[in-house]
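start_19.txt follows (compact mmCIF, N, CA and C atoms and all ligand atoms):
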# COMPACT_ATOMS: atom_id res chain seq x y z
N MET Q 1 106.03 110.16 106.09
CA MET Q 1 104.90 109.71 105.30
C MET Q 1 103.85 110.79 105.20
N ALA Q 2 103.96 111.81 105.99
CA ALA Q 2 103.00 112.91 105.94
C ALA Q 2 103.10 113.68 104.63
N ARG Q 3 104.19 113.48 103.91
CA ARG Q 3 104.37 114.22 102.66
C ARG Q 3 103.54 113.64 101.52
N ILE Q 4 103.05 112.44 101.70
CA ILE Q 4 102.24 111.82 100.64
C ILE Q 4 100.85 112.44 100.66
N LYS Q 5 100.40 112.85 99.52
CA LYS Q 5 99.10 113.51 99.42
C LYS Q 5 97.96 112.50 99.66
N ALA Q 6 96.97 112.91 100.43
CA ALA Q 6 95.85 112.02 100.74
C ALA Q 6 94.99 111.78 99.49
N ARG Q 7 94.58 110.54 99.30
CA ARG Q 7 93.68 110.20 98.20
C ARG Q 7 92.55 109.36 98.78
N SER Q 8 91.50 109.21 97.99
CA SER Q 8 90.35 108.43 98.48
C SER Q 8 90.71 106.96 98.68
N ASP Q 9 91.69 106.46 97.91
CA ASP Q 9 92.07 105.06 98.05
C ASP Q 9 93.31 104.91 98.94
N GLN Q 10 93.62 105.95 99.67
CA GLN Q 10 94.83 105.96 100.49
C GLN Q 10 94.70 105.00 101.69
N THR Q 11 95.80 104.36 101.99
CA THR Q 11 95.88 103.51 103.16
C THR Q 11 96.53 104.31 104.29
N TYR Q 12 96.06 104.12 105.50
CA TYR Q 12 96.62 104.82 106.66
C TYR Q 12 97.07 103.81 107.70
N LEU Q 13 98.05 104.25 108.47
CA LEU Q 13 98.56 103.42 109.55
C LEU Q 13 98.60 104.26 110.82
N CYS Q 14 98.25 103.63 111.94
CA CYS Q 14 98.30 104.33 113.22
C CYS Q 14 99.73 104.27 113.76
N GLY Q 15 100.25 105.42 114.13
CA GLY Q 15 101.61 105.50 114.64
C GLY Q 15 101.74 105.07 116.10
N ASP Q 16 100.62 104.75 116.73
CA ASP Q 16 100.67 104.30 118.12
C ASP Q 16 100.46 102.79 118.26
N CYS Q 17 99.43 102.25 117.58
CA CYS Q 17 99.20 100.80 117.69
C CYS Q 17 99.60 100.06 116.41
N PHE Q 18 99.94 100.81 115.37
CA PHE Q 18 100.40 100.26 114.08
C PHE Q 18 99.36 99.39 113.38
N GLU Q 19 98.09 99.63 113.68
CA GLU Q 19 97.03 98.96 112.94
C GLU Q 19 96.71 99.80 111.70
N GLN Q 20 96.31 99.10 110.65
CA GLN Q 20 95.92 99.77 109.42
C GLN Q 20 94.52 100.35 109.62
N THR Q 21 94.28 101.52 109.06
CA THR Q 21 92.98 102.15 109.21
C THR Q 21 92.61 102.91 107.94
N THR Q 22 91.33 103.09 107.71
CA THR Q 22 90.90 103.82 106.53
C THR Q 22 90.56 105.27 106.88
N ASN Q 23 90.55 105.56 108.17
CA ASN Q 23 90.21 106.90 108.63
C ASN Q 23 91.49 107.72 108.80
N MET Q 24 91.56 108.84 108.10
CA MET Q 24 92.78 109.62 108.13
C MET Q 24 92.90 110.51 109.35
N LYS Q 25 91.85 110.61 110.17
CA LYS Q 25 91.90 111.53 111.31
C LYS Q 25 92.10 110.81 112.64
N LYS Q 26 91.54 109.59 112.75
CA LYS Q 26 91.56 108.91 114.03
C LYS Q 26 91.63 107.40 113.84
N CYS Q 27 92.48 106.75 114.63
CA CYS Q 27 92.61 105.29 114.55
C CYS Q 27 91.35 104.64 115.13
N ARG Q 28 90.78 103.69 114.39
CA ARG Q 28 89.56 103.04 114.87
C ARG Q 28 89.87 101.96 115.91
N HIS Q 29 91.15 101.68 116.10
CA HIS Q 29 91.52 100.65 117.08
C HIS Q 29 91.84 101.25 118.46
N CYS Q 30 92.57 102.40 118.46
CA CYS Q 30 92.99 102.94 119.76
C CYS Q 30 92.66 104.42 119.92
N ASP Q 31 91.89 104.98 118.96
CA ASP Q 31 91.47 106.38 119.00
C ASP Q 31 92.61 107.40 118.89
N SER Q 32 93.81 106.93 118.59
CA SER Q 32 94.93 107.85 118.42
C SER Q 32 94.70 108.73 117.19
N THR Q 33 95.17 109.96 117.26
CA THR Q 33 95.10 110.84 116.08
C THR Q 33 96.45 110.85 115.36
N ASN Q 34 97.37 110.02 115.82
CA ASN Q 34 98.69 109.88 115.20
C ASN Q 34 98.59 108.90 114.02
N VAL Q 35 97.83 109.31 113.01
CA VAL Q 35 97.55 108.46 111.86
C VAL Q 35 98.18 109.09 110.63
N PHE Q 36 98.81 108.27 109.81
CA PHE Q 36 99.49 108.83 108.65
C PHE Q 36 99.29 107.96 107.41
N PRO Q 37 99.34 108.59 106.24
CA PRO Q 37 99.20 107.81 105.01
C PRO Q 37 100.43 106.94 104.77
N ILE Q 38 100.22 105.80 104.17
CA ILE Q 38 101.32 104.87 103.92
C ILE Q 38 101.04 104.12 102.62
N ASP Q 39 102.09 103.79 101.89
CA ASP Q 39 101.93 102.95 100.70
C ASP Q 39 101.51 101.56 101.13
N LEU Q 40 100.51 101.02 100.46
CA LEU Q 40 99.95 99.72 100.82
C LEU Q 40 101.02 98.62 100.92
N GLY Q 41 101.96 98.64 99.99
CA GLY Q 41 103.00 97.61 99.97
C GLY Q 41 103.96 97.67 101.14
N MET Q 42 103.91 98.77 101.91
CA MET Q 42 104.82 98.91 103.05
C MET Q 42 104.15 98.65 104.38
N VAL Q 43 102.84 98.45 104.39
CA VAL Q 43 102.10 98.32 105.65
C VAL Q 43 102.68 97.23 106.55
N GLU Q 44 102.75 96.00 106.03
CA GLU Q 44 103.22 94.90 106.88
C GLU Q 44 104.69 95.08 107.29
N ILE Q 45 105.49 95.58 106.36
CA ILE Q 45 106.92 95.79 106.65
C ILE Q 45 107.08 96.79 107.79
N VAL Q 46 106.35 97.90 107.72
CA VAL Q 46 106.43 98.94 108.75
C VAL Q 46 105.83 98.45 110.08
N GLN Q 47 104.76 97.67 109.99
CA GLN Q 47 104.16 97.11 111.22
C GLN Q 47 105.17 96.22 111.94
N ILE Q 48 105.79 95.31 111.18
CA ILE Q 48 106.74 94.36 111.77
C ILE Q 48 107.93 95.11 112.37
N LEU Q 49 108.48 96.05 111.59
CA LEU Q 49 109.65 96.80 112.07
C LEU Q 49 109.35 97.52 113.38
N ASN Q 50 108.24 98.24 113.42
CA ASN Q 50 107.92 99.03 114.62
C ASN Q 50 107.61 98.15 115.82
N LYS Q 51 106.93 97.02 115.58
CA LYS Q 51 106.64 96.11 116.68
C LYS Q 51 107.91 95.47 117.23
N LYS Q 52 108.94 95.38 116.37
CA LYS Q 52 110.22 94.85 116.83
C LYS Q 52 111.11 95.93 117.45
N GLY Q 53 110.63 97.18 117.42
CA GLY Q 53 111.38 98.26 118.06
C GLY Q 53 112.18 99.14 117.12
N TYR Q 54 112.05 98.90 115.82
CA TYR Q 54 112.73 99.77 114.84
C TYR Q 54 111.74 100.86 114.44
N LYS Q 55 111.96 102.06 114.98
CA LYS Q 55 111.00 103.14 114.78
C LYS Q 55 111.18 103.80 113.41
N THR Q 56 110.18 103.65 112.58
CA THR Q 56 110.25 104.25 111.24
C THR Q 56 109.67 105.65 111.27
N ILE Q 57 110.16 106.50 110.39
CA ILE Q 57 109.64 107.86 110.27
C ILE Q 57 108.85 108.00 108.96
N MET Q 58 109.40 107.51 107.90
CA MET Q 58 108.76 107.59 106.59
C MET Q 58 109.13 106.34 105.80
N CYS Q 59 108.38 106.13 104.73
CA CYS Q 59 108.74 105.03 103.85
C CYS Q 59 108.12 105.25 102.49
N CYS Q 60 108.60 104.47 101.53
CA CYS Q 60 108.04 104.49 100.19
C CYS Q 60 108.19 103.09 99.61
N GLU Q 61 107.15 102.60 98.97
CA GLU Q 61 107.22 101.24 98.41
C GLU Q 61 107.88 101.21 97.04
N GLY Q 62 108.11 102.37 96.45
CA GLY Q 62 108.63 102.44 95.09
C GLY Q 62 107.48 102.69 94.13
N HIS Q 63 107.73 103.52 93.16
CA HIS Q 63 106.66 103.88 92.22
C HIS Q 63 107.19 103.93 90.80
N PRO Q 64 107.24 102.75 90.15
CA PRO Q 64 107.71 102.76 88.77
C PRO Q 64 106.72 103.49 87.84
N THR Q 65 107.24 104.26 86.95
CA THR Q 65 106.42 104.89 85.92
C THR Q 65 107.16 104.75 84.60
N ILE Q 66 106.42 104.80 83.52
CA ILE Q 66 107.03 104.75 82.20
C ILE Q 66 107.05 106.18 81.66
N ASN Q 67 108.19 106.61 81.23
CA ASN Q 67 108.38 107.98 80.74
C ASN Q 67 108.07 109.03 81.79
N GLY Q 68 108.06 108.59 83.03
CA GLY Q 68 107.81 109.54 84.10
C GLY Q 68 109.13 110.09 84.62
N LYS Q 69 109.07 111.25 85.19
CA LYS Q 69 110.30 111.86 85.67
C LYS Q 69 110.73 111.33 87.04
N THR Q 70 109.80 110.75 87.77
CA THR Q 70 110.12 110.36 89.14
C THR Q 70 110.08 108.86 89.36
N SER Q 71 110.27 108.08 88.29
CA SER Q 71 110.23 106.64 88.45
C SER Q 71 111.30 106.15 89.42
N HIS Q 72 110.86 105.41 90.42
CA HIS Q 72 111.81 104.71 91.27
C HIS Q 72 111.13 103.41 91.69
N VAL Q 73 111.77 102.31 91.34
CA VAL Q 73 111.18 101.00 91.51
C VAL Q 73 111.40 100.47 92.92
N TYR Q 74 112.50 100.89 93.52
CA TYR Q 74 112.90 100.31 94.80
C TYR Q 74 112.27 101.04 96.00
N PRO Q 75 112.03 100.28 97.07
CA PRO Q 75 111.49 100.90 98.29
C PRO Q 75 112.58 101.61 99.10
N HIS Q 76 112.17 102.47 100.01
CA HIS Q 76 113.09 102.95 101.02
C HIS Q 76 112.37 103.19 102.33
N LEU Q 77 113.15 103.19 103.39
CA LEU Q 77 112.62 103.40 104.75
C LEU Q 77 113.47 104.47 105.41
N ILE Q 78 112.84 105.31 106.22
CA ILE Q 78 113.59 106.36 106.91
C ILE Q 78 113.42 106.21 108.42
N PHE Q 79 114.56 106.30 109.10
CA PHE Q 79 114.62 106.11 110.55
C PHE Q 79 115.30 107.32 111.20
N SER Q 80 115.04 107.51 112.49
CA SER Q 80 115.70 108.60 113.20
C SER Q 80 117.14 108.24 113.53
N LYS Q 81 117.42 106.93 113.55
CA LYS Q 81 118.79 106.51 113.80
C LYS Q 81 119.13 105.28 112.98
N LYS Q 82 120.43 105.02 112.89
CA LYS Q 82 120.92 103.90 112.10
C LYS Q 82 121.00 102.68 113.00
N TYR Q 83 120.05 101.77 112.83
CA TYR Q 83 120.03 100.56 113.65
C TYR Q 83 121.01 99.53 113.07
N PRO Q 84 122.04 99.14 113.84
CA PRO Q 84 123.01 98.17 113.31
C PRO Q 84 122.38 96.86 112.82
N SER Q 85 121.35 96.38 113.51
CA SER Q 85 120.72 95.10 113.12
C SER Q 85 120.10 95.15 111.73
N LEU Q 86 119.76 96.35 111.27
CA LEU Q 86 119.11 96.46 109.96
C LEU Q 86 120.07 96.23 108.80
N GLU Q 87 121.36 96.08 109.12
CA GLU Q 87 122.32 95.69 108.08
C GLU Q 87 121.90 94.34 107.47
N LEU Q 88 121.17 93.54 108.25
CA LEU Q 88 120.71 92.23 107.78
C LEU Q 88 119.73 92.35 106.61
N LEU Q 89 119.20 93.54 106.40
CA LEU Q 89 118.25 93.74 105.29
C LEU Q 89 118.94 94.05 103.98
N GLY Q 90 120.27 94.15 104.00
CA GLY Q 90 120.97 94.60 102.80
C GLY Q 90 120.68 96.08 102.65
N GLY Q 91 120.72 96.58 101.46
CA GLY Q 91 120.40 97.99 101.27
C GLY Q 91 121.56 98.90 101.65
N THR Q 92 121.36 100.17 101.43
CA THR Q 92 122.40 101.17 101.65
C THR Q 92 121.86 102.29 102.52
N TRP Q 93 122.64 102.66 103.53
CA TRP Q 93 122.25 103.77 104.39
C TRP Q 93 122.77 105.07 103.82
N ASP Q 94 121.99 106.12 103.93
CA ASP Q 94 122.53 107.45 103.75
C ASP Q 94 121.82 108.41 104.70
N PHE Q 95 122.53 109.47 105.05
CA PHE Q 95 122.04 110.44 106.04
C PHE Q 95 121.56 111.67 105.30
N CYS Q 96 120.28 111.99 105.46
CA CYS Q 96 119.78 113.20 104.78
C CYS Q 96 118.73 113.87 105.65
N ALA Q 97 118.78 115.18 105.71
CA ALA Q 97 117.83 115.97 106.50
C ALA Q 97 117.72 115.47 107.94
N ASN Q 98 118.87 115.12 108.51
CA ASN Q 98 118.94 114.68 109.91
C ASN Q 98 118.25 113.33 110.17
N MET Q 99 118.07 112.55 109.11
CA MET Q 99 117.44 111.24 109.26
C MET Q 99 118.26 110.22 108.49
N TRP Q 100 118.05 108.96 108.86
CA TRP Q 100 118.76 107.88 108.19
C TRP Q 100 117.84 107.18 107.21
N ARG Q 101 118.28 107.11 105.96
CA ARG Q 101 117.48 106.45 104.93
C ARG Q 101 118.14 105.13 104.54
N LEU Q 102 117.34 104.08 104.53
CA LEU Q 102 117.81 102.78 104.07
C LEU Q 102 117.12 102.49 102.75
N SER Q 103 117.90 102.37 101.70
CA SER Q 103 117.30 102.17 100.38
C SER Q 103 117.97 101.02 99.66
N TRP Q 104 117.30 100.56 98.66
CA TRP Q 104 117.79 99.43 97.87
C TRP Q 104 117.91 99.87 96.41
N GLY Q 105 118.71 99.15 95.65
CA GLY Q 105 118.83 99.42 94.22
C GLY Q 105 119.89 100.44 93.86
N ASN Q 106 120.54 101.05 94.87
CA ASN Q 106 121.59 102.03 94.61
C ASN Q 106 121.18 103.12 93.63
N ASN Q 107 119.96 103.58 93.76
CA ASN Q 107 119.42 104.65 92.93
C ASN Q 107 119.43 104.35 91.43
N SER Q 108 119.51 103.06 91.10
CA SER Q 108 119.45 102.70 89.69
C SER Q 108 118.07 102.12 89.40
N GLU Q 109 117.76 101.93 88.15
CA GLU Q 109 116.51 101.31 87.76
C GLU Q 109 116.83 99.95 87.14
N PRO Q 110 115.97 98.96 87.35
CA PRO Q 110 116.25 97.65 86.75
C PRO Q 110 116.19 97.73 85.22
N ASN Q 111 116.95 96.88 84.59
CA ASN Q 111 117.00 96.89 83.13
C ASN Q 111 115.88 96.02 82.56
N MET Q 112 114.69 96.56 82.53
CA MET Q 112 113.56 95.83 81.95
C MET Q 112 112.56 96.83 81.40
N ARG Q 113 111.72 96.37 80.49
CA ARG Q 113 110.77 97.26 79.85
C ARG Q 113 109.33 96.93 80.24
N GLY Q 114 108.50 97.93 80.27
CA GLY Q 114 107.08 97.71 80.50
C GLY Q 114 106.71 97.90 81.97
N LEU Q 115 105.61 98.62 82.17
CA LEU Q 115 105.17 98.93 83.52
C LEU Q 115 104.78 97.67 84.29
N ASP Q 116 104.15 96.71 83.61
CA ASP Q 116 103.75 95.47 84.28
C ASP Q 116 104.96 94.72 84.82
N ALA Q 117 106.01 94.67 84.01
CA ALA Q 117 107.24 93.99 84.43
C ALA Q 117 107.86 94.70 85.62
N LEU Q 118 107.86 96.02 85.58
CA LEU Q 118 108.43 96.81 86.68
C LEU Q 118 107.62 96.64 87.96
N GLU Q 119 106.28 96.63 87.82
CA GLU Q 119 105.41 96.44 88.99
C GLU Q 119 105.63 95.05 89.59
N ALA Q 120 105.74 94.04 88.74
CA ALA Q 120 105.97 92.68 89.21
C ALA Q 120 107.32 92.58 89.92
N TYR Q 121 108.30 93.26 89.36
CA TYR Q 121 109.64 93.27 89.96
C TYR Q 121 109.58 93.94 91.34
N LYS Q 122 108.85 95.05 91.41
CA LYS Q 122 108.70 95.78 92.67
C LYS Q 122 108.06 94.90 93.74
N VAL Q 123 107.01 94.18 93.37
CA VAL Q 123 106.32 93.29 94.32
C VAL Q 123 107.27 92.21 94.83
N LYS Q 124 108.12 91.70 93.94
CA LYS Q 124 109.10 90.69 94.33
C LYS Q 124 110.10 91.26 95.35
N ILE Q 125 110.53 92.48 95.12
CA ILE Q 125 111.46 93.14 96.05
C ILE Q 125 110.79 93.30 97.42
N LEU Q 126 109.52 93.75 97.41
CA LEU Q 126 108.80 93.97 98.66
C LEU Q 126 108.58 92.64 99.41
N ASP Q 127 108.29 91.57 98.66
CA ASP Q 127 108.11 90.25 99.29
C ASP Q 127 109.41 89.80 99.96
N THR Q 128 110.51 90.00 99.27
CA THR Q 128 111.82 89.62 99.82
C THR Q 128 112.12 90.45 101.07
N LEU Q 129 111.82 91.75 100.99
CA LEU Q 129 112.06 92.63 102.12
C LEU Q 129 111.21 92.22 103.32
N LYS Q 130 109.96 91.84 103.06
CA LYS Q 130 109.07 91.41 104.14
C LYS Q 130 109.61 90.14 104.81
N GLU Q 131 110.12 89.22 104.01
CA GLU Q 131 110.72 88.00 104.56
C GLU Q 131 111.90 88.33 105.47
N LYS Q 132 112.76 89.22 105.00
CA LYS Q 132 113.95 89.59 105.77
C LYS Q 132 113.57 90.31 107.06
N VAL Q 133 112.57 91.19 106.97
CA VAL Q 133 112.11 91.94 108.15
C VAL Q 133 111.52 90.98 109.18
N THR Q 134 110.80 89.98 108.70
CA THR Q 134 110.20 88.98 109.58
C THR Q 134 111.27 88.23 110.37
N GLU Q 135 112.40 87.98 109.72
CA GLU Q 135 113.49 87.22 110.36
C GLU Q 135 114.38 88.06 111.28
N LEU Q 136 114.20 89.38 111.26
CA LEU Q 136 115.04 90.25 112.08
C LEU Q 136 114.86 89.98 113.58
N PRO Q 137 115.93 90.12 114.35
CA PRO Q 137 115.77 90.08 115.81
C PRO Q 137 115.12 91.39 116.27
N ASP Q 138 114.59 91.40 117.48
CA ASP Q 138 114.07 92.66 118.02
C ASP Q 138 115.20 93.67 118.17
N ALA Q 139 114.84 94.94 118.04
CA ALA Q 139 115.85 95.99 118.19
C ALA Q 139 116.31 96.03 119.64
N THR Q 140 117.62 96.05 119.83
CA THR Q 140 118.15 96.14 121.18
C THR Q 140 118.94 97.43 121.35
N GLU Q 141 119.25 98.08 120.23
CA GLU Q 141 120.07 99.28 120.28
C GLU Q 141 119.19 100.52 120.33
ZN ZN M 201 95.82 102.95 116.80
What does the file become when written as structure tokens?
Amino acid sequence: MARIKARSDQTYLCGDCFEQTTNMKKCRHCDSTNVFPIDLGMVEIVQILNKKGYKTIMCCEGHPTINGKTSHVYPHLIFSKKYPSLELLGGTWDFCANMWRLSWGNNSEPNMRGLDALEAYKVKILDTLKEKVTELPDATE
């Protein structure tokens, strides 16, 4: 998540206590400096996963654009290892740059038009993902 450029409206998450913070340098909850930018739509998902023992490295909520070169509607999560229990989330694993990426949508884009429709679709995917993450057992592996 360190690759995401900081913006004034950026959301941050503490990598130690997993509380959301607006300060990019220091967590206001535990004073940790292990704070990183995160997409707002992934905050709860990443909090739940890490509290259950699934250590995330990076994530993306998906960023649909119209006529943009980098449109991707689906979210992805990156882990240092492939947790077998996360098969319950559906999605597809792939190994890249020594990390495990879990992504949805098989690198395709949904067949619909208009940014509003794509954004609404993205929110629906994130809601479903949050439900599934909530139901996950704690990581034992
Ligand atoms: Zn903290």
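Listed by chain and then residue number, the contacts of ligand ZN 201 (chain M) are Cys14, Gly15, Asp16, Cys17, Phe18, Glu19, Cys27, Arg28, His29, Cys30, Asp31 and Ser32 of chain Q (distance at most 6.5 Å, using all atoms listed in the file).
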What is the atom CA of Pro110 of chain Q to atom CA of Ile45 of chain Q distance in Å?
22.1 Å
Quick one: residues within 5 Å of segment 69-83 of chain Q, all atoms listed in the file counted, chain neighbours fewer than 5 positions away excluded, as a count of residues only?
15
Using DSSP on the backbone coordinates, identify all residues within segment 1-95 of chain Q classified as helix (DSSP H, G or I); present the result as a VMD selection string.
chain Q and resid 40 to 51 84 to 89
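Here the question is which of Q:Asn50, Q:Lys124, Q:Asp9, Q:Ala139 gets nearest to Leu86 of chain Q using only N, CA and C atoms, and that residue is Q:Ala139.
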As AutoDock Vina command-line options: centre and edge lengths in Å, one decimal, of the axis-aligned box holding segment 84-102 of chain Q with 6 Å per side:
--center_x 120.1 --center_y 104.1 --center_z 107.6 --size_x 17.9 --size_y 35.7 --size_z 24.6
Around (101.5, 104.7, 99.8) in the file's own coordinates, what residues are found within 8 Å if you use all atoms listed in the file, given back as a list of chain:residue names?
Q:Ile4, Q:Gln10, Q:Thr11, Q:Tyr12, Q:Pro37, Q:Ile38, Q:Asp39, Q:Leu40, Q:Gly41, Q:Met42, Q:Val43, Q:Cys59, Q:Cys60, Q:Glu61, Q:Gly62
The selected residues should be written to file as a tab-separated table (two decimals), keeping the file's coordinate frame (atoms: N, CA and C atoms).
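So the final result, stored in again.tsv, reads:
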chain	number	residue	atom	x	y	z
Q	4	ILE	N	103.05	112.44	101.70
Q	4	ILE	CA	102.24	111.82	100.64
Q	4	ILE	C	100.85	112.44	100.66
Q	10	GLN	N	93.62	105.95	99.67
Q	10	GLN	CA	94.83	105.96	100.49
Q	10	GLN	C	94.70	105.00	101.69
Q	11	THR	N	95.80	104.36	101.99
Q	11	THR	CA	95.88	103.51	103.16
Q	11	THR	C	96.53	104.31	104.29
Q	12	TYR	N	96.06	104.12	105.50
Q	12	TYR	CA	96.62	104.82	106.66
Q	12	TYR	C	97.07	103.81	107.70
Q	37	PRO	N	99.34	108.59	106.24
Q	37	PRO	CA	99.20	107.81	105.01
Q	37	PRO	C	100.43	106.94	104.77
Q	38	ILE	N	100.22	105.80	104.17
Q	38	ILE	CA	101.32	104.87	103.92
Q	38	ILE	C	101.04	104.12	102.62
Q	39	ASP	N	102.09	103.79	101.89
Q	39	ASP	CA	101.93	102.95	100.70
Q	39	ASP	C	101.51	101.56	101.13
Q	40	LEU	N	100.51	101.02	100.46
Q	40	LEU	CA	99.95	99.72	100.82
Q	40	LEU	C	101.02	98.62	100.92
Q	41	GLY	N	101.96	98.64	99.99
Q	41	GLY	CA	103.00	97.61	99.97
Q	41	GLY	C	103.96	97.67	101.14
Q	42	MET	N	103.91	98.77	101.91
Q	42	MET	CA	104.82	98.91	103.05
Q	42	MET	C	104.15	98.65	104.38
Q	43	VAL	N	102.84	98.45	104.39
Q	43	VAL	CA	102.10	98.32	105.65
Q	43	VAL	C	102.68	97.23	106.55
Q	59	CYS	N	108.38	106.13	104.73
Q	59	CYS	CA	108.74	105.03	103.85
Q	59	CYS	C	108.12	105.25	102.49
Q	60	CYS	N	108.60	104.47	101.53
Q	60	CYS	CA	108.04	104.49	100.19
Q	60	CYS	C	108.19	103.09	99.61
Q	61	GLU	N	107.15	102.60	98.97
Q	61	GLU	CA	107.22	101.24	98.41
Q	61	GLU	C	107.88	101.21	97.04
Q	62	GLY	N	108.11	102.37	96.45
Q	62	GLY	CA	108.63	102.44	95.09
Q	62	GLY	C	107.48	102.69	94.13
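Computed from the coordinates, the atom N of Lys132 of chain Q to atom C of Asn34 of chain Q distance equals 25.9 Å.
Atom C of Leu13 of chain Q is found 28.4 Å from atom N of Ile66 of chain Q.
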Run DSSP on the backbone and grab whatever in segment 37-79 of chain Q lands in strand (DSSP E); send it over as a ChimeraX atom specification.
/Q:37-38,56-60,76-79
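All residues that come within 8 Å of the coordinates (115.8, 91.0, 112.0), counting only C-alpha atoms, are given as Ser85, Leu86, Leu88, Leu89, Lys132, Val133, Thr134, Glu135, Leu136, Pro137, Asp138 and Ala139 of chain Q.
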Save the residues we just selected, N, CA and C atoms, as an mmCIF file, keeping the file's coordinate frame?
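The result, written out as part.cif:
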data_model
loop_
_atom_site.group_PDB
_atom_site.id
_atom_site.type_symbol
_atom_site.label_atom_id
_atom_site.label_comp_id
_atom_site.auth_asym_id
_atom_site.auth_seq_id
_atom_site.Cartn_x
_atom_site.Cartn_y
_atom_site.Cartn_z
ATOM 1 N N SER Q 85 121.350 96.380 113.510
ATOM 2 C CA SER Q 85 120.720 95.100 113.120
ATOM 3 C C SER Q 85 120.100 95.150 111.730
ATOM 4 N N LEU Q 86 119.760 96.350 111.270
ATOM 5 C CA LEU Q 86 119.110 96.460 109.960
ATOM 6 C C LEU Q 86 120.070 96.230 108.800
ATOM 7 N N LEU Q 88 121.170 93.540 108.250
ATOM 8 C CA LEU Q 88 120.710 92.230 107.780
ATOM 9 C C LEU Q 88 119.730 92.350 106.610
ATOM 10 N N LEU Q 89 119.200 93.540 106.400
ATOM 11 C CA LEU Q 89 118.250 93.740 105.290
ATOM 12 C C LEU Q 89 118.940 94.050 103.980
ATOM 13 N N LYS Q 132 112.760 89.220 105.000
ATOM 14 C CA LYS Q 132 113.950 89.590 105.770
ATOM 15 C C LYS Q 132 113.570 90.310 107.060
ATOM 16 N N VAL Q 133 112.570 91.190 106.970
ATOM 17 C CA VAL Q 133 112.110 91.940 108.150
ATOM 18 C C VAL Q 133 111.520 90.980 109.180
ATOM 19 N N THR Q 134 110.800 89.980 108.700
ATOM 20 C CA THR Q 134 110.200 88.980 109.580
ATOM 21 C C THR Q 134 111.270 88.230 110.370
ATOM 22 N N GLU Q 135 112.400 87.980 109.720
ATOM 23 C CA GLU Q 135 113.490 87.220 110.360
ATOM 24 C C GLU Q 135 114.380 88.060 111.280
ATOM 25 N N LEU Q 136 114.200 89.380 111.260
ATOM 26 C CA LEU Q 136 115.040 90.250 112.080
ATOM 27 C C LEU Q 136 114.860 89.980 113.580
ATOM 28 N N PRO Q 137 115.930 90.120 114.350
ATOM 29 C CA PRO Q 137 115.770 90.080 115.810
ATOM 30 C C PRO Q 137 115.120 91.390 116.270
ATOM 31 N N ASP Q 138 114.590 91.400 117.480
ATOM 32 C CA ASP Q 138 114.070 92.660 118.020
ATOM 33 C C ASP Q 138 115.200 93.670 118.170
ATOM 34 N N ALA Q 139 114.840 94.940 118.040
ATOM 35 C CA ALA Q 139 115.850 95.990 118.190
ATOM 36 C C ALA Q 139 116.310 96.030 119.640
#
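Non-sequential neighbours of Leu115 of chain Q (distance at most 8 Å, separation of 2 or more positions within a chain, only C-alpha atoms) are Pro64, Thr65, Ile66, Arg113, Ala117, Leu118 and Glu119 of chain Q.
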Given the block above, output segment 99-119 of chain Q with C-alpha atoms as an mmCIF file, in the first residue's frame.
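Printed below is out29.cif as written:
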data_model
loop_
_atom_site.group_PDB
_atom_site.id
_atom_site.type_symbol
_atom_site.label_atom_id
_atom_site.label_comp_id
_atom_site.auth_asym_id
_atom_site.auth_seq_id
_atom_site.Cartn_x
_atom_site.Cartn_y
_atom_site.Cartn_z
ATOM 1 C CA MET Q 99 3.951 -12.316 -2.815
ATOM 2 C CA TRP Q 100 0.549 -13.922 -3.107
ATOM 3 C CA ARG Q 101 -2.213 -11.911 -4.730
ATOM 4 C CA LEU Q 102 -5.867 -12.784 -4.291
ATOM 5 C CA SER Q 103 -8.009 -11.097 -6.894
ATOM 6 C CA TRP Q 104 -11.517 -11.261 -8.223
ATOM 7 C CA GLY Q 105 -12.985 -10.829 -11.689
ATOM 8 C CA ASN Q 106 -10.266 -12.804 -13.509
ATOM 9 C CA ASN Q 107 -8.767 -9.585 -14.856
ATOM 10 C CA SER Q 108 -11.896 -8.887 -16.855
ATOM 11 C CA GLU Q 109 -14.184 -5.870 -16.657
ATOM 12 C CA PRO Q 110 -17.929 -6.161 -16.097
ATOM 13 C CA ASN Q 111 -20.091 -5.665 -19.143
ATOM 14 C CA MET Q 112 -21.800 -2.404 -18.223
ATOM 15 C CA ARG Q 113 -21.589 1.230 -19.222
ATOM 16 C CA GLY Q 114 -21.168 4.391 -17.212
ATOM 17 C CA LEU Q 115 -18.929 5.269 -14.309
ATOM 18 C CA ASP Q 116 -21.839 5.405 -11.836
ATOM 19 C CA ALA Q 117 -22.865 1.863 -12.732
ATOM 20 C CA LEU Q 118 -19.278 0.650 -12.395
ATOM 21 C CA GLU Q 119 -18.847 2.390 -9.028
#
